[in-house]
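Below is my_file_38.txt, which holds compact mmCIF, C-alpha atoms and all ligand atoms.
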```
# COMPACT_ATOMS: atom_id res chain seq x y z
CA MET A 228 -3.34 16.85 15.43
CA SER A 229 -1.09 14.19 16.80
CA ILE A 230 2.64 13.90 16.84
CA GLU A 231 3.57 10.81 14.90
CA ASN A 232 7.00 10.47 16.43
CA LEU A 233 5.78 10.18 19.96
CA LYS A 234 3.43 7.30 19.44
CA THR A 235 4.52 4.31 21.43
CA TYR A 236 5.76 1.74 19.03
CA ASP A 237 7.01 -1.70 19.85
CA PRO A 238 9.60 -2.66 17.27
CA PHE A 239 9.30 -6.31 18.20
CA ALA A 240 5.54 -6.52 18.04
CA GLU A 241 5.47 -8.09 14.62
CA ALA A 242 8.30 -10.44 15.39
CA ASP A 243 6.59 -11.68 18.53
CA GLU A 244 3.46 -12.31 16.61
CA GLU A 245 5.39 -14.33 14.09
CA ASP A 246 7.12 -16.34 16.79
CA SER A 247 4.00 -17.28 18.63
CA GLY A 248 2.47 -18.36 15.36
CA GLN A 249 5.43 -20.59 14.67
CA THR A 250 5.66 -22.20 18.08
CA LYS A 251 1.98 -22.72 18.66
CA GLN A 252 1.70 -24.26 15.23
CA THR A 253 -1.25 -24.02 12.94
CA GLN A 254 -3.48 -25.84 15.39
CA GLU A 255 -4.05 -22.57 17.15
CA TYR A 256 -5.33 -20.89 14.06
CA ILE A 257 -8.90 -20.89 12.98
CA HIS A 258 -9.02 -21.37 9.25
CA ILE A 259 -11.88 -20.01 7.26
CA ARG A 260 -11.87 -21.39 3.75
CA ILE A 261 -14.03 -21.21 0.71
CA GLN A 262 -14.68 -23.86 -1.88
CA GLN A 263 -16.49 -23.67 -5.14
CA ARG A 264 -19.29 -26.01 -5.84
CA ASN A 265 -21.12 -26.33 -9.09
CA GLY A 266 -22.19 -23.16 -10.79
CA ARG A 267 -21.89 -20.09 -8.64
CA LYS A 268 -22.45 -21.96 -5.42
CA THR A 269 -19.86 -22.01 -2.71
CA LEU A 270 -19.13 -23.57 0.64
CA THR A 271 -17.49 -21.98 3.63
CA THR A 272 -15.62 -24.17 6.07
CA VAL A 273 -14.46 -23.16 9.50
CA GLN A 274 -11.75 -25.29 10.97
CA GLY A 275 -10.05 -25.20 14.34
CA ILE A 276 -12.61 -23.56 16.58
CA PRO A 277 -11.36 -23.97 20.16
CA LYS A 278 -12.65 -27.05 21.94
CA LYS A 279 -14.27 -25.03 24.69
CA PHE A 280 -16.97 -23.92 22.29
CA ASP A 281 -19.76 -26.23 21.31
CA ALA A 282 -19.75 -26.49 17.53
CA LYS A 283 -23.37 -27.53 17.45
CA LYS A 284 -24.49 -24.47 19.34
CA ILE A 285 -22.39 -22.21 17.16
CA LEU A 286 -23.87 -23.75 14.08
CA LYS A 287 -27.37 -23.29 15.35
CA VAL A 288 -26.84 -19.61 16.03
CA VAL A 289 -24.93 -18.99 12.85
CA LYS A 290 -27.44 -20.73 10.63
CA LYS A 291 -30.17 -18.47 11.89
CA GLU A 292 -28.11 -15.34 11.74
CA PHE A 293 -26.69 -15.85 8.26
CA ALA A 294 -29.86 -17.45 6.94
CA CYS A 295 -28.00 -20.37 5.49
CA ASN A 296 -27.82 -24.05 6.04
CA GLY A 297 -24.80 -25.80 7.38
CA THR A 298 -23.47 -28.91 8.94
CA ILE A 299 -20.74 -30.19 11.21
CA ILE A 300 -18.23 -32.58 9.80
CA GLY A 301 -16.13 -34.68 12.11
CA ASP A 302 -12.73 -34.55 10.50
CA GLU A 303 -10.82 -37.24 12.32
CA ASP A 304 -7.87 -37.62 9.99
CA SER A 305 -6.29 -34.21 10.43
CA LYS A 306 -6.93 -33.91 14.18
CA MET A 307 -8.50 -30.58 13.51
CA GLY A 308 -11.66 -31.42 15.40
CA ASP A 309 -15.05 -30.54 14.10
CA VAL A 310 -15.38 -28.50 10.99
CA ILE A 311 -18.35 -26.24 10.51
CA GLN A 312 -19.50 -26.14 6.95
CA LEU A 313 -21.82 -23.44 5.74
CA GLN A 314 -23.51 -22.91 2.44
CA GLY A 315 -22.50 -19.88 0.48
CA ASP A 316 -19.68 -17.42 1.01
CA GLN A 317 -20.02 -16.64 4.72
CA ARG A 318 -16.36 -15.83 5.32
CA ALA A 319 -16.77 -12.19 6.27
CA LYS A 320 -19.81 -12.89 8.37
CA ILE A 321 -18.32 -15.80 10.24
CA LYS A 322 -15.19 -13.83 10.91
CA ASP A 323 -17.25 -11.05 12.39
CA PHE A 324 -19.12 -13.58 14.46
CA LEU A 325 -15.96 -15.17 15.79
CA THR A 326 -14.39 -11.86 16.75
CA ASN A 327 -17.45 -10.03 18.00
CA LYS A 328 -17.24 -9.65 21.76
CA ASP A 329 -20.91 -8.95 22.37
CA GLU A 330 -22.78 -11.24 20.04
CA GLY A 331 -20.07 -13.68 19.03
CA LEU A 332 -17.24 -15.64 20.51
CA GLY A 333 -14.95 -12.67 21.05
CA LEU A 334 -11.86 -14.38 19.72
CA ASP A 335 -8.68 -12.62 18.77
CA ALA A 336 -8.68 -11.69 15.11
CA LYS A 337 -5.01 -12.67 14.91
CA THR A 338 -5.87 -16.31 15.42
CA ILE A 339 -8.18 -16.34 12.44
CA LYS A 340 -6.89 -16.96 8.97
CA VAL A 341 -9.19 -16.30 6.07
CA HIS A 342 -8.23 -18.19 2.97
CA GLY A 343 -9.34 -18.00 -0.58
CA PHE A 344 -9.72 -15.19 -3.04
CA MET B 186 -18.13 -17.43 -7.44
CA ASP B 187 -18.87 -14.98 -10.15
CA SER B 188 -18.26 -11.31 -10.58
CA GLU B 189 -20.59 -10.36 -7.75
CA ALA B 190 -18.43 -12.13 -5.21
CA PRO B 191 -16.85 -9.52 -2.97
CA SER B 192 -13.27 -10.36 -2.20
CA ILE B 193 -12.45 -10.38 1.45
CA LYS B 194 -10.14 -7.74 2.72
CA ARG B 195 -7.51 -9.08 5.01
CA ARG B 196 -4.51 -6.91 5.51
CA PRO B 197 -3.87 -3.32 4.60
CA SER B 198 -0.33 -4.16 3.65
CA ARG B 199 -1.62 -5.97 0.61
CA LYS B 200 -1.82 -2.67 -1.14
CA SER B 201 1.93 -2.64 -1.48
CA VAL B 202 1.66 -5.11 -4.31
CA THR B 203 0.39 -3.82 -7.60
CA PHE B 204 -0.47 -5.72 -10.69
CA THR B 205 0.63 -3.54 -13.50
CA ASP B 206 3.22 -3.14 -16.19
CA GLU B 207 3.32 0.58 -15.66
CA LYS B 208 5.29 2.34 -13.01
CA LEU B 209 3.69 4.43 -10.38
CA VAL B 210 5.55 7.63 -9.72
CA VAL B 211 4.98 9.85 -6.75
CA ASN B 212 6.04 13.29 -7.74
CA PRO B 213 7.57 15.68 -5.28
CA ASP B 214 4.55 17.91 -5.59
CA GLY B 215 2.42 15.15 -4.17
CA SER B 216 0.72 14.10 -7.35
CA VAL B 217 0.81 10.49 -8.46
CA THR B 218 1.29 9.61 -12.08
CA MET B 219 1.51 6.44 -14.04
CA ASP B 220 4.56 6.17 -16.17
CA ALA B 221 5.02 3.52 -18.81
CA SER B 222 8.73 4.21 -19.12
CA PRO B 223 11.31 1.78 -17.70
CA ALA B 224 12.47 2.03 -14.14
CA ASP B 225 15.77 3.77 -14.81
CA GLU B 226 14.17 6.82 -16.28
CA ILE B 227 11.89 7.34 -13.36
CA LYS B 228 14.66 8.21 -11.04
CA GLU B 229 15.73 10.91 -13.40
CA THR B 230 12.33 12.44 -13.70
CA ALA B 231 11.97 12.33 -9.97
CA GLN B 232 15.24 14.13 -9.61
CA SER B 233 14.48 16.76 -12.13
CA HIS B 234 11.16 17.35 -10.49
CA SER B 235 12.69 17.69 -7.13
CA ALA B 236 15.40 20.06 -8.23
CA PRO B 237 15.31 23.28 -6.26
CA THR B 238 14.27 25.21 -9.34
CA GLU B 239 10.75 23.89 -9.22
CA PRO B 240 9.21 26.12 -6.60
CA GLN B 241 10.67 29.08 -8.41
CA ASP B 242 8.95 28.02 -11.59
CA ALA B 243 5.73 27.86 -9.71
CA ALA B 244 6.40 31.25 -8.24
CA ALA B 245 7.17 32.71 -11.64
CA ALA B 246 3.93 31.32 -12.98
CA ALA B 247 2.04 32.77 -10.08
CA ALA B 248 3.76 36.14 -10.16
CA PRO B 249 1.76 37.74 -12.97
CA ALA B 250 -1.44 36.69 -11.27
CA ALA B 251 -0.46 38.24 -8.00
CA ASP B 252 -1.64 41.71 -7.18
CA ASP B 253 1.18 44.19 -7.33
CA GLY B 254 0.37 45.82 -4.05
CA LEU B 255 0.16 42.59 -2.14
CA ASP B 256 3.34 41.35 -3.65
CA LEU B 257 5.25 44.41 -2.66
CA SER B 258 3.97 44.55 0.84
CA LEU B 259 5.32 41.12 1.37
CA MET B 260 8.61 42.04 -0.15
CA LYS B 261 8.82 44.85 2.26
CA LYS B 262 8.28 42.55 5.16
CA LYS B 263 11.26 40.56 4.09
CA LYS B 264 13.42 43.61 3.84
CA LYS B 265 12.80 44.53 7.41
CA LYS B 266 14.67 41.46 8.46
CA VAL B 267 17.56 41.81 6.08
CA LYS B 268 20.24 44.24 7.13
CA LYS B 269 20.54 47.52 5.30
CA GLU B 270 23.79 46.74 3.52
CA ASP B 271 22.44 43.53 2.09
CA ASP B 272 19.23 45.18 1.11
CA ALA B 273 19.84 45.63 -2.56
CA ASP B 274 21.55 42.31 -2.99
CA ALA B 275 18.87 40.35 -1.23
CA ALA B 276 16.14 42.02 -3.19
CA ALA B 277 17.89 41.18 -6.41
CA ASP B 278 18.42 37.64 -5.25
CA GLU B 279 14.82 37.12 -4.44
CA ALA B 280 13.39 38.91 -7.37
CA ALA B 281 15.60 37.29 -9.96
CA PRO B 282 14.22 33.77 -9.87
CA ALA B 283 10.65 34.93 -9.63
CA GLU B 284 10.82 37.32 -12.54
CA GLY B 285 12.52 35.19 -15.13
CA ASP B 286 11.67 37.65 -17.92
CA GLY B 287 14.82 39.72 -17.87
CA ALA B 288 16.77 42.56 -16.49
CA ILE B 289 14.36 45.28 -17.55
CA ASP B 290 11.53 43.76 -15.68
CA LEU B 291 13.65 43.34 -12.63
CA THR B 292 14.76 46.91 -12.47
CA MET B 293 11.22 48.10 -12.93
CA LYS B 294 10.12 46.05 -10.01
CA LYS B 295 12.94 47.24 -7.86
CA LYS B 296 12.17 50.86 -8.45
CA LYS B 297 8.53 50.36 -7.80
CA LYS B 298 9.26 48.48 -4.68
CA LYS B 299 11.47 51.08 -3.16
CA LYS B 300 8.94 53.75 -3.87
CA VAL B 301 6.21 51.84 -2.22
CA VAL B 302 8.32 51.08 0.76
CA LYS B 303 9.00 54.75 1.39
CA GLU B 304 5.51 56.00 0.72
CA ASP B 305 3.01 53.40 1.65
CA ASP B 306 3.97 52.09 5.01
CA GLU B 307 0.47 52.23 6.36
CA PHE B 308 -1.03 50.88 3.21
CA ALA B 309 1.27 47.91 3.36
CA LYS B 310 0.37 47.27 6.97
CA LYS B 311 -3.30 47.28 6.11
CA LEU B 312 -2.69 44.83 3.35
CA GLU B 313 -0.80 42.61 5.69
CA ALA B 314 -3.67 42.66 8.11
CA LEU B 315 -6.00 41.73 5.30
CA ASN B 316 -3.75 38.88 4.41
CA ILE B 317 -3.71 37.57 7.92
CA GLU B 318 -7.47 37.77 8.12
CA GLY B 319 -7.46 35.15 5.47
CA LYS B 320 -8.53 36.29 2.03
CA GLU B 321 -7.88 32.87 0.67
CA GLY B 322 -7.67 33.67 -3.00
CA GLU B 323 -5.39 36.62 -2.60
CA GLU B 324 -3.29 34.96 0.00
CA ALA B 325 -2.51 31.92 -2.04
CA ALA B 326 -0.63 33.71 -4.76
CA PRO B 327 1.73 35.74 -2.61
CA GLN B 328 2.46 32.76 -0.43
CA GLU B 329 3.76 30.89 -3.39
CA ASP B 330 5.71 33.95 -4.23
CA GLU B 331 7.46 33.86 -0.90
CA GLN B 332 8.96 30.45 -1.42
CA GLU B 333 12.12 31.63 -3.06
CA GLY B 334 15.75 31.29 -2.38
CA ASP B 335 18.36 28.64 -2.86
CA MET B 336 17.98 25.64 -0.66
CA ASP B 337 21.62 24.60 -0.82
CA GLN B 338 22.96 28.05 -0.05
CA GLY B 339 20.32 28.70 2.57
CA THR B 340 19.05 31.97 1.20
CA GLY B 341 15.56 33.42 0.94
CA ILE B 342 12.97 31.21 2.53
CA TRP B 343 15.60 28.63 3.41
CA ALA B 344 17.64 31.10 5.44
CA HIS B 345 18.42 29.95 8.94
CA ASP B 346 16.68 32.81 10.71
CA GLU B 347 13.70 32.88 8.35
CA THR B 348 10.55 32.72 10.38
CA LYS B 349 7.96 32.44 7.64
CA PRO B 350 6.37 29.04 7.35
CA ILE B 351 7.62 27.14 4.33
CA SER B 352 4.88 25.86 2.09
CA TYR B 353 4.14 22.15 1.97
CA ASN B 354 5.10 21.88 -1.69
CA ALA B 355 8.43 23.53 -1.10
CA LEU B 356 9.18 21.25 1.81
CA LEU B 357 8.11 18.23 -0.15
CA SER B 358 10.33 19.10 -3.07
CA ARG B 359 13.13 19.70 -0.62
CA PHE B 360 12.58 16.27 0.85
CA PHE B 361 12.72 14.61 -2.53
CA ALA B 362 15.76 16.60 -3.55
CA LEU B 363 17.62 15.57 -0.41
CA LEU B 364 16.48 12.01 -0.71
CA SER B 365 17.70 11.63 -4.26
CA GLN B 366 20.92 13.35 -3.26
CA LYS B 367 21.79 11.42 -0.16
CA ASN B 368 19.85 8.21 -0.54
CA PRO B 369 19.28 7.44 -4.19
CA ASP B 370 18.30 3.86 -3.33
CA HIS B 371 15.24 4.96 -1.42
CA ALA B 372 14.35 7.56 -3.99
CA SER B 373 14.20 4.93 -6.69
CA THR B 374 12.51 2.09 -4.85
CA GLY B 375 10.96 3.45 -1.71
CA THR B 376 8.09 5.22 -3.33
CA ARG B 377 7.14 2.48 -5.71
CA SER B 378 5.53 -0.79 -4.82
CA TYR B 379 6.40 -4.23 -6.01
CA LYS B 380 5.12 -4.86 -9.50
CA ILE B 381 4.25 -8.10 -11.14
CA PRO B 382 2.44 -8.60 -14.40
CA PRO B 383 -1.30 -9.07 -13.96
CA PRO B 384 -2.45 -12.67 -14.16
CA GLN B 385 -4.15 -13.58 -17.39
CA CYS B 386 -7.26 -15.60 -16.80
CA LEU B 387 -9.18 -17.38 -19.49
CA ARG B 388 -12.25 -19.51 -19.14
CA GLU B 389 -12.04 -23.01 -20.45
CA GLY B 390 -15.50 -24.33 -20.98
CA ASN B 391 -17.79 -23.61 -18.12
CA LYS B 392 -15.94 -25.05 -15.17
CA LYS B 393 -12.27 -24.44 -15.62
CA THR B 394 -10.08 -21.39 -15.53
CA ILE B 395 -6.81 -21.10 -17.35
CA PHE B 396 -4.10 -19.09 -15.68
CA ALA B 397 -2.00 -18.36 -18.71
CA ASN B 398 1.03 -16.42 -17.52
CA LEU B 399 1.87 -18.33 -14.36
CA PRO B 400 5.44 -19.15 -15.51
CA GLU B 401 6.07 -15.49 -16.20
CA ILE B 402 4.83 -14.43 -12.79
CA CYS B 403 6.79 -17.17 -11.06
CA LYS B 404 9.90 -16.07 -12.87
CA ARG B 405 9.33 -12.52 -11.72
CA MET B 406 8.89 -13.66 -8.12
CA LYS B 407 11.75 -16.16 -8.41
CA ARG B 408 9.66 -19.03 -7.11
CA ALA B 409 9.07 -22.51 -8.43
CA ASP B 410 5.90 -22.93 -10.46
CA GLU B 411 4.94 -25.92 -8.33
CA HIS B 412 5.15 -23.95 -5.11
CA VAL B 413 2.91 -21.18 -6.39
CA THR B 414 0.55 -23.69 -7.91
CA SER B 415 0.15 -25.65 -4.71
CA TYR B 416 -0.49 -22.43 -2.82
CA LEU B 417 -3.11 -21.38 -5.33
CA PHE B 418 -4.86 -24.73 -5.09
CA ALA B 419 -4.75 -24.74 -1.30
CA GLU B 420 -6.15 -21.24 -1.05
CA LEU B 421 -8.81 -21.63 -3.70
CA GLY B 422 -9.84 -24.99 -2.32
CA THR B 423 -9.59 -26.66 -5.66
CA SER B 424 -7.29 -28.65 -7.87
CA GLY B 425 -6.04 -28.51 -11.40
CA SER B 426 -3.29 -29.35 -13.80
CA VAL B 427 -0.71 -27.84 -16.08
CA ASP B 428 -1.36 -28.03 -19.79
CA GLY B 429 0.99 -28.47 -22.71
CA SER B 430 2.12 -24.87 -22.90
CA ARG B 431 2.78 -24.66 -19.13
CA ARG B 432 -0.48 -22.88 -18.50
CA LEU B 433 -2.24 -23.70 -15.28
CA VAL B 434 -5.72 -25.15 -15.57
CA ILE B 435 -7.71 -24.54 -12.40
CA LYS B 436 -10.95 -26.32 -11.68
CA GLY B 437 -13.70 -23.86 -10.94
CA ARG B 438 -14.49 -20.40 -12.16
CA PHE B 439 -12.15 -17.70 -11.03
CA GLN B 440 -11.67 -14.17 -12.03
CA GLN B 441 -8.47 -12.28 -12.54
CA LYS B 442 -9.12 -10.22 -9.44
CA GLN B 443 -9.56 -13.27 -7.29
CA ILE B 444 -6.33 -14.78 -8.55
CA GLU B 445 -4.65 -11.44 -7.92
CA ASN B 446 -5.75 -11.50 -4.32
CA VAL B 447 -4.33 -14.94 -3.78
CA LEU B 448 -1.07 -14.00 -5.46
CA ARG B 449 -0.89 -10.95 -3.25
CA THR B 450 -1.14 -13.02 -0.10
CA TYR B 451 1.41 -15.41 -1.56
CA ILE B 452 3.82 -12.55 -2.12
CA ILE B 453 3.36 -11.27 1.41
CA GLU B 454 3.76 -14.73 2.87
CA TYR B 455 6.44 -16.24 0.69
CA VAL B 456 8.20 -13.49 -1.26
CA THR B 457 8.67 -10.24 0.60
CA CYS B 458 11.28 -9.97 3.32
CA LYS B 459 9.61 -9.20 6.63
CA THR B 460 12.59 -7.19 7.78
CA CYS B 461 13.17 -4.82 4.89
CA ARG B 462 10.12 -5.57 2.73
CA SER B 463 12.29 -6.26 -0.25
CA PRO B 464 10.86 -8.77 -2.72
CA ASN B 465 14.37 -9.77 -3.71
CA THR B 466 14.42 -13.02 -1.77
CA GLU B 467 15.07 -16.68 -2.27
CA LEU B 468 13.09 -19.63 -1.04
CA SER B 469 15.13 -22.67 -0.14
CA LYS B 470 14.71 -25.87 1.71
CA GLY B 471 16.76 -25.76 4.87
CA GLU B 472 17.37 -28.30 7.58
CA ASN B 473 14.44 -30.15 9.20
CA ARG B 474 12.38 -30.02 6.03
CA LEU B 475 11.63 -26.39 6.76
CA TYR B 476 11.50 -23.79 4.06
CA PHE B 477 13.48 -20.63 4.54
CA ILE B 478 13.34 -17.28 2.86
CA THR B 479 16.68 -15.57 2.52
CA CYS B 480 16.70 -11.91 1.67
CA ASN B 481 19.16 -10.79 -0.97
CA SER B 482 18.93 -7.17 0.11
CA CYS B 483 19.47 -7.32 3.85
CA GLY B 484 20.53 -10.91 4.38
CA SER B 485 17.83 -11.78 6.88
CA ARG B 486 16.51 -15.31 6.95
CA ARG B 487 13.18 -16.54 8.18
CA SER B 488 11.32 -19.79 8.06
CA VAL B 489 7.98 -20.04 6.34
CA GLN B 490 5.22 -22.50 6.86
CA ALA B 491 4.73 -25.29 4.43
CA ILE B 492 1.66 -24.96 2.29
CA LYS B 493 -1.20 -26.79 3.89
CA THR B 494 -4.37 -27.69 2.16
CA GLY B 495 -6.32 -28.08 5.38
CA PHE B 496 -9.82 -29.36 5.46
CA SER B 497 -11.51 -29.70 2.15
CA ALA B 498 -15.10 -30.68 1.88
CA GLN B 499 -16.26 -33.30 -0.51
CA VAL B 500 -17.77 -31.44 -3.38
CA GLY B 501 -19.83 -33.09 -6.05
CA LYS B 502 -19.86 -36.44 -4.36
CA ARG B 503 -23.48 -36.97 -5.07
CA LYS B 504 -22.98 -36.20 -8.70
CA LYS B 505 -20.23 -38.75 -9.00
CA MET B 506 -22.35 -41.37 -7.32
CA GLN B 507 -25.17 -40.69 -9.70
CA GLY B 508 -23.10 -40.54 -12.84
ZN ZN C 601 15.42 -8.03 3.72
```
Take the structure from the file and write it as structure tokens.
Amino acid sequence: MSIENLKTYDPFAEADEEDSGQTKQTQEYIHIRIQQRNGRKTLTTVQGIPKKFDAKKILKVVKKEFACNGTIIGDEDSKMGDVIQLQGDQRAKIKDFLTNKDEGLGLDAKTIKVHGF
Amino acid sequence: MDSEAPSIKRRPSRKSVTFTDEKLVVNPDGSVTMDASPADEIKETAQSHSAPTEPQDAAAAAAPAADDGLDLSLMKKKKKKVKKEDDADAAADEAAPAEGDGAIDLTMKKKKKKKVVKEDDEFAKKLEALNIEGKEGEEAAPQEDEQEGDMDQGTGIWAHDETKPISYNALLSRFFALLSQKNPDHASTGTRSYKIPPPQCLREGNKKTIFANLPEICKRMKRADEHVTSYLFAELGTSGSVDGSRRLVIKGRFQQKQIENVLRTYIIEYVTCKTCRSPNTELSKGENRLYFITCNSCGSRRSVQAIKTGFSAQVGKRKKMQG
């Protein structure tokens, strides 16, 4: 049994999080989106992976792990860098991959935004 | 995606939004019921439930089931604490609510009790020991029986120097009673989540989804249709239009549940106040082209991000080129 009252709680934790999100702008976020194609086919796009990671290498690993095809799209207009595009709904899997410390990139889950339904 | 598509879980706080016309009521006894009645009535039911009479009702119901001997042994325990002069009064006090049948019953009990107290001291002690050893079934009934006394006057179980543990149900009903007494606002809104009507989704042909009651939902959230629409399109990675009867036509096949999930994130992002979690807020365009949410409940103001579509892959390009 634990005493709820005595848990250390930072009342400004949420506010700080919000602030950093505002000041760093959306560039810092990794957006995982889903798009519908024809029929019941979908596409998953991952946008804003930090520059220090090689998108090609990530794609190679991810394609094998998720057993899906994918491609890298250079998206020059929005300055978002390379976008990894995967076939099918890989949102949960790619999120796990990005946050996994041992087998993935070990990124902070707070920087990842999953969009879509 | 079709029905098999699992929707991604993002934040636990999403659960605070419910898509229903009914009202969820958390009763003081811990049970949760759905109530189709309007909001005003709920407060009343909650109050009546939480009135201090409730545990006594439960006790009265349990009393016939309880073994006489056990019951009395417990009564005796109580008496030990009460001073001699108060003895009769206290016994009457405690017995009265439990035995709601009448005076005759009460006197019978009293007589019996006194007899047992004088004669069966050892017997009672044995029974107590049995109780402590944890005969679950037998223990349950007398424990409910103990929870008597007037909360406001601080008698019986609520007495200041009472050392018996108060049952969870009694404490819970006390909490709700005090809450509705001292803080009726929280009693009426705190336990219920934000409700909006469920989105009505129809399929148009094979490739389009009609979101029929978007205006209604927007009205409920006090947001512009266009704002919600652009958010929906950005999140679903699609586009669409509004038809003649203000229904939203979305390209692609979407299910009600999927739309619900998007609306839920919209509400968390653009409707609820982050300070007090009240959905009673207004979205307005402030200086610097920024959008601000102003809370009508607590007055806090925060900026929200503009809706961004982000990257969107070219879908069906090949088809267009062919056709
Ligand atoms: Zn507020």
Distance table requested - chain B against chain A, cut-off 6 Å, only C-alpha atoms: one row per qualifying residue with the closest atom pair and its distance in Å to one decimal, ordered by chain and rising residue number, as a Markdown table.
```
| residue | atom | partner | partner_atom | distance |
| --- | --- | --- | --- | --- |
| B:Met186 | CA | A:Arg267 | CA | 4.8 |
| B:Glu420 | CA | A:Gly343 | CA | 4.6 |
| B:Leu421 | CA | A:Gly343 | CA | 4.8 |
| B:Gly422 | CA | A:Gln262 | CA | 5.0 |
| B:Gln443 | CA | A:Phe344 | CA | 4.7 |
| B:Asn446 | CA | A:Phe344 | CA | 5.6 |
| B:Val447 | CA | A:Phe344 | CA | 5.4 |
```
Counting only C-alpha atoms and all ligand atoms, name the residues that have an atom within 7 Å of an atom of ligand ZN 601 (chain C); the answer should be given as a list in words.
Cys458, Lys459, Thr460, Cys461, Arg462, Ser463, Cys480, Asn481, Ser482, Cys483, Gly484 and Ser485 of chain B
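Residues within 10 Å of Val413 in chain B, counting all atoms listed in the file and excluding same-chain residues fewer than 5 positions away, are Leu399, Pro400, Ile402, Cys403, Met406, Arg408, Phe418, Ala419, Val447, Leu448, Tyr451, Ile452, Tyr455 and Ile492 of chain B.
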Determine, counting all atoms listed in the file, which protein, DNA and RNA residues have an atom within 12 Å of an atom of Leu332 in chain A; residues of the same chain fewer than 3 positions away are not included. Present the result as a count of residues only.
21
Rounded to one decimal in Å, what is the spacing between CA of Arg405 in chain B and CA of Arg438 in chain B?
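Separation of CA of Arg405 in chain B and CA of Arg438 in chain B: 25.1 Å.
Going from CA of Arg474 in chain B to CA of Ile257 in chain A covers 24.2 Å.
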How many Å separate CA of Arg449 in chain B from CA of Pro384 in chain B?
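The value is 11.2 Å.
If only C-alpha atoms are the atoms counted, then among B:Leu357, B:Ala498, B:Ala344, B:Leu387 the closest residue to Gln440 in chain B is B:Leu387.
Using all atoms listed in the file, the shortest contact distance between Val489 in chain B and any of B:Ser469, B:Ser424, B:Ser365, B:Ser415 is found at B:Ser469.
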